[in-house]
Number of protein chains: 2
Amino acid sequence: MSLKAIVFDAYGTIFDVLSIATLGDRLFPGKGVELSALWRVKQVDYARIRTLSDRYESFSKVTRDALTYTLHAMDLAPDEATVEALMAEYDRLAVFEDSADALLALKASGLPLAILSNGDPPMLEAVVSNNRLGGVFDHLLSVESVGRFKTAPEAYELGPKAFGCAVDEILFVSSNGWDACGAAWYGYCSFWVNRAGMPLEQLGVSPAATGRDMHDVVGYVRARIASR
Amino acid sequence: MSLKAIVFDAYGTIFDVLSIATLGDRLFPGKGVELSALWRVKQVDYARIRTLSDRYESFSKVTRDALTYTLHAMDLAPDEATVEALMAEYDRLAVFEDSADALLALKASGLPLAILSNGDPPMLEAVVSNNRLGGVFDHLLSVESVGRFKTAPEAYELGPKAFGCAVDEILFVSSNGWDACGAAWYGYCSFWVNRAGMPLEQLGVSPAATGRDMHDVVGYVRARIASR
């Protein structure tokens with residue numbers, strides 16, 4: 001089966017959500033790492049809970065709510081200026097260096113590329129544009145159009161719909177183990193970029209391939225193209 | 001509106017999932033608390049992800065998978081004997097002392113009581129029976145019958161179905177903030193037993209009432225009965 005397209009998760013895969021720890025540390029010295037980590041956990045929790053309960057709100061709203069909870073939980077003042085400053089940082093998340101390199105290399109391979117993210121369109125457009133990646137992607141696919149967050153099938157369905165090909169002809173790349181598993185369940189050729197060296201999620205499904213960073217995705221795609 | 005029944009979450013509300021830290025500490029000295037906490041996080045994650053992806057497995061399986069992941073993630077040997085010993089402990093979780101007291105007091109109020117849990121029937125029956133609570137509950141409601149974990153509406157629907165009354169005539173009691181919110185969304189009169197003194201989950205919904213332990217539930221129910 002030859003690959004027809006590559007779809008990437010955004011947060012944690014292309015963009016480093018923990019890079020927000022730097023601003024967190026400036027606002028609350030010594031607490032940036034804990035703040036960014038708890039914020040991320042709650043963001044994912046709230047996205048899942050809202051989808052389970054059929055109570056969709058945009059990812060901006062979910063992200064803001066998760067931040068408010070995090071600031072309360074850490075006994076930090078959740079005043080409006082702090083919340084706005086941290087939320088604004090989300091549009092300026094740093095791209096991982098290996099991701100920037102890999103995206104250019106994969107673009108040169110001729111395969112069309114897309115992002116498929118929980119993020120809503122304004123968030124995705126901002127972070128892509130701020131990292132000067134606007135020309136790289138053929139589609140920025142947001143779950144906003146289906147009102148359900150990953151790992152709901154309606155979210156993953158956006159990939160084959162956008163590219164008009166079979167799901168198993170699309171490589172789905174994520175650094176989130178649960179996302180790589182969810183995509184594999186849905187039928188993608190799933191690649192897990194295991195940046196943190198974590199164990200495989202015990203969900204009874206495995207990604208088709210695993211690597212340590214996005215350079216490994218480039219190697220995998222080149223091997224797939226060469227073996228055609 | 002008068003109350004017709006009371007429905008309780010099981011794990012974390014009636015039974016202390018962190019009591020497993022004691023065995024964890026015997027098996028892996030100094031690591032029991034971390035083990036029981038991560039195990040619980042992954043258990044809830046896996047239940048949610050499987051429901052989002054429509055890949056139901058019994059809560060025993062989900063719990064075992066979460067334990068396997070946890071042991072790997074903590075670099076502890078996940079040998080079969082260890083897994084079996086820890087899983088067996090799940091049937092013997094300690095009942096919170098305030099919960100045991102409160103259940104007897106609430107039973108005496110004459111309202112019918114039930115558990116509504118992610119746990120599968122054998123797990124629920126074992127932990128209820130091992131804590132000698134068999135005579136307390138009119139129903140042990142397991143999401144197994146609908147194949148979706150909380151906070152899916154199909155799970156919460158089990159309460160009004162079992163009691164044959166309107167959902168807002170049922171008091172739903174949970175120590176898990178997300179569960180109390182999910183139940184409130186579904187329409188229950190929801191009571192959050194905030195044992196850990198956590199901030200309210202930022203989900204745009206609030207439980208009808210909040211207390212610090214199960215004694216507060218007794219107080220709330222007595223006040224509701226007195227005001228009829």
# chains A, B, ... in the order shown; residues from 1 in each chain; ligands from 1

$ interface_residues --of "chain B" --to "chain A" --cutoff "10 Å" --atoms "only C-alpha atoms" --output "MDAnalysis selection string"
chainID B and resid 42 44:55 57 61:62 64:75 148:154 178:179 181:183 185:186 197:204

$ select_by_dssp --residues "segment 10-174 of chain B" --states "strand (DSSP E)" --output "list of chain:residue names"
B:Phe15, B:Asp16, B:Ala94, B:Val95, B:Leu113, B:Ala114, B:Ile115, B:Leu116, B:Ser117, B:His139, B:Leu140, B:Leu141, B:Ser142, B:Ile170, B:Leu171, B:Phe172, B:Val173, B:Ser174

$ residues_around --residues "Asn131 of chain B" --least-positions-apart "4" --cutoff "8 Å" --atoms "only C-alpha atoms" --output "PDB file with all heavy atoms, in the first residue's frame"
ATOM      1  N   ARG B  92     -10.695  -5.733  47.296  1.00  0.00           N
ATOM      2  CA  ARG B  92     -10.666  -5.555  48.761  1.00  0.00           C
ATOM      3  C   ARG B  92     -10.414  -4.108  49.149  1.00  0.00           C
ATOM      4  O   ARG B  92      -9.958  -3.835  50.260  1.00  0.00           O
ATOM      5  CB  ARG B  92      -9.542  -6.413  49.357  1.00  0.00           C
ATOM      6  CG  ARG B  92      -9.790  -7.894  49.322  1.00  0.00           C
ATOM      7  CD  ARG B  92      -8.763  -8.639  50.168  1.00  0.00           C
ATOM      8  NE  ARG B  92      -7.431  -8.584  49.576  1.00  0.00           N
ATOM      9  CZ  ARG B  92      -6.892  -9.550  48.838  1.00  0.00           C
ATOM     10  NH1 ARG B  92      -7.564 -10.651  48.602  1.00  0.00           N
ATOM     11  NH2 ARG B  92      -5.686  -9.420  48.343  1.00  0.00           N
ATOM     12  N   ALA B  94     -10.574  -0.598  50.638  1.00  0.00           N
ATOM     13  CA  ALA B  94     -11.193  -0.203  51.909  1.00  0.00           C
ATOM     14  C   ALA B  94     -12.350   0.750  51.664  1.00  0.00           C
ATOM     15  O   ALA B  94     -12.295   1.603  50.776  1.00  0.00           O
ATOM     16  CB  ALA B  94     -10.144   0.469  52.792  1.00  0.00           C
ATOM     17  N   VAL B  95     -13.416   0.591  52.436  1.00  0.00           N
ATOM     18  CA  VAL B  95     -14.507   1.567  52.399  1.00  0.00           C
ATOM     19  C   VAL B  95     -14.053   2.761  53.249  1.00  0.00           C
ATOM     20  O   VAL B  95     -13.421   2.584  54.299  1.00  0.00           O
ATOM     21  CB  VAL B  95     -15.820   0.952  52.943  1.00  0.00           C
ATOM     22  CG1 VAL B  95     -15.696   0.555  54.415  1.00  0.00           C
ATOM     23  CG2 VAL B  95     -16.994   1.899  52.754  1.00  0.00           C
ATOM     24  N   VAL B 127     -16.249  -6.077  45.837  1.00  0.00           N
ATOM     25  CA  VAL B 127     -15.823  -5.033  46.775  1.00  0.00           C
ATOM     26  C   VAL B 127     -16.957  -4.679  47.748  1.00  0.00           C
ATOM     27  O   VAL B 127     -16.714  -4.390  48.923  1.00  0.00           O
ATOM     28  CB  VAL B 127     -15.263  -3.801  46.020  1.00  0.00           C
ATOM     29  CG1 VAL B 127     -16.358  -2.978  45.366  1.00  0.00           C
ATOM     30  CG2 VAL B 127     -14.399  -2.944  46.945  1.00  0.00           C
TER      31      VAL B 127
END

$ closest_residue --among "A:Ala100, A:Leu86, A:Leu93, A:Ala162" --to "Leu124 of chain A" --atoms "only C-alpha atoms"
A:Leu93

$ closest_residue --among "B:Cys189, B:Val218, B:Leu35, B:Ala223" --to "Ser206 of chain B" --atoms "only C-alpha atoms"
B:Cys189

$ residues_around --residues "Cys165 of chain B" --least-positions-apart "6" --cutoff "12 Å" --atoms "only C-alpha atoms" --output "ChimeraX atom specification"
/B:1-6,112,157-159,171,188

$ residues_around --residues "Tyr90 of chain B" --least-positions-apart "6" --cutoff "8 Å" --atoms "only C-alpha atoms" --output "list of chain:residue names"
B:Val17, B:Ile20, B:Met123, B:Val127

$ select_by_dssp --residues "segment 21-179 of chain A" --states "alpha helix (DSSP H)" --output "PyMOL selection string"
chain A and resi 21-27+32-52+59-73+80-90+97-108+121-130+153-156+158-163+177-179

$ residues_around --residues "Arg222 of chain B" --least-positions-apart "3" --cutoff "12 Å" --atoms "only C-alpha atoms" --output "MDAnalysis selection string"
chainID B and resid 2:3 102 105:111 215:219 225:228
